[in-house]
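The structure appears right after this line, and notes come after that.
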Amino acid sequence: MAILGIRIIGDPVLRTPAQEVTEFGPEIQKLVEDMDQTMENVDGAGLAAPQVGVSLRVFTYQIGEERGHIINPVLELSEDYQDDQVEGCLSIPGIAAPVPRRRHVRATGFDKHGNPLVLEGEGMLSRCVQHETDHLDGILFLDRLPAEEKKAAWRKLRATDYSQTAGRTVAKRSGSLGSSFGAGLGK
């Protein structure tokens, strides 16, 4: 297993809809294991394949004691919304904001061996599944913000000096810039 580099906003892979996985074998299994190790290394709540430069519909997650992955997720969302909570993103270091998300999610897809999988939950799990699936669709959490908050986030993003991340490990960069759900530097 390996710690993978995380792509930062501005990388085109983050804005490109990911391709469905059609073959389940050692390569996809290794990708999932490497993503899981990378997510753990940076203490993230989730990690989508495009964030590590792989344009495939795969993400890993860890919310409390619940940890796993899903490939080719298809979401069913509740009509109602949960209370907004602050989200950050490993690919947008230093920016965090409250994001509207649906209360409940049911995701169907596959595990790394190609077996059918159902993932269902509320709260942070629902938020994470929606956030990571957005990555698979080329959507960033900034796109979900109301207009004024989006403008403020983009102003802060343009003012961010990413040179401080050069030469640092992914874990140190993540810890210094605040990139997990519920953590961050605010608007």
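Residue numbering restarts at 1 in every chain; chains get A, B, ... in the order shown in the structure tokens, and ligands count up from 1 in that same order.
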Can you tell me, as number ranges by chain, what residues are no more than 8 Å from Gly109 of chain A when counting only C-alpha atoms, ignoring any on the same chain fewer than 6 positions away?
-> A: 70-74, 116-118
From segment 21-180 of chain A, collect each residue whose DSSP state is strand (DSSP E or B) and return the set as a PyMOL selection string.
-> chain A and resi 46-48+56+58-63+66-77+81+85-88+96-99+102+104-110+116-122
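Atom CA of Val129 of chain A sits 29.4 Å away from atom CA of Ala159 of chain A.
Using only C-alpha atoms, the nearest neighbour of Glu87 of chain A within the list A:His131, A:His113, A:Arg102, A:Arg155 is A:His131.
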Return as JSON lines the residues of segment 115-143 of chain A lying at most 12 Å from segment 9-20 of chain A, together with the closest atom-to-atom pair for each and the distance in Å to one decimal, counting only C-alpha atoms, with rows in chain order and ascending residue number.
{"residue": "A:Glu132", "atom": "CA", "partner": "A:Leu14", "partner_atom": "CA", "distance": 11.3}
{"residue": "A:Thr133", "atom": "CA", "partner": "A:Ala18", "partner_atom": "CA", "distance": 9.9}
{"residue": "A:Asp134", "atom": "CA", "partner": "A:Pro17", "partner_atom": "CA", "distance": 9.1}
{"residue": "A:His135", "atom": "CA", "partner": "A:Leu14", "partner_atom": "CA", "distance": 6.7}
{"residue": "A:Leu136", "atom": "CA", "partner": "A:Ala18", "partner_atom": "CA", "distance": 5.2}
{"residue": "A:Asp137", "atom": "CA", "partner": "A:Pro17", "partner_atom": "CA", "distance": 4.3}
{"residue": "A:Gly138", "atom": "CA", "partner": "A:Arg15", "partner_atom": "CA", "distance": 4.0}
{"residue": "A:Ile139", "atom": "CA", "partner": "A:Arg15", "partner_atom": "CA", "distance": 6.3}
{"residue": "A:Leu140", "atom": "CA", "partner": "A:Leu14", "partner_atom": "CA", "distance": 7.8}
{"residue": "A:Phe141", "atom": "CA", "partner": "A:Ile9", "partner_atom": "CA", "distance": 11.2}
{"residue": "A:Leu142", "atom": "CA", "partner": "A:Ile9", "partner_atom": "CA", "distance": 10.6}
{"residue": "A:Asp143", "atom": "CA", "partner": "A:Arg15", "partner_atom": "CA", "distance": 11.0}
Using only C-alpha atoms, pick whichever of A:Leu125, A:Ile8, A:Met39, A:Ala45 has the shortest atom-to-atom distance to Leu157 of chain A.
->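 Comparing A:Leu125, A:Ile8, A:Met39, A:Ala45 against Leu157 of chain A, the winner is A:Ile8.
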Among segment 53-150 of chain A, which residues carry a DSSP assignment of alpha helix (DSSP H), reported as a PyMOL selection string?
-> chain A and resi 123-136+147-150
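The residue that comes closest to Tyr61 of chain A, out of A:Ala152, A:Leu4, A:Ala96, A:Leu119 and on the basis of only C-alpha atoms, is A:Leu119.
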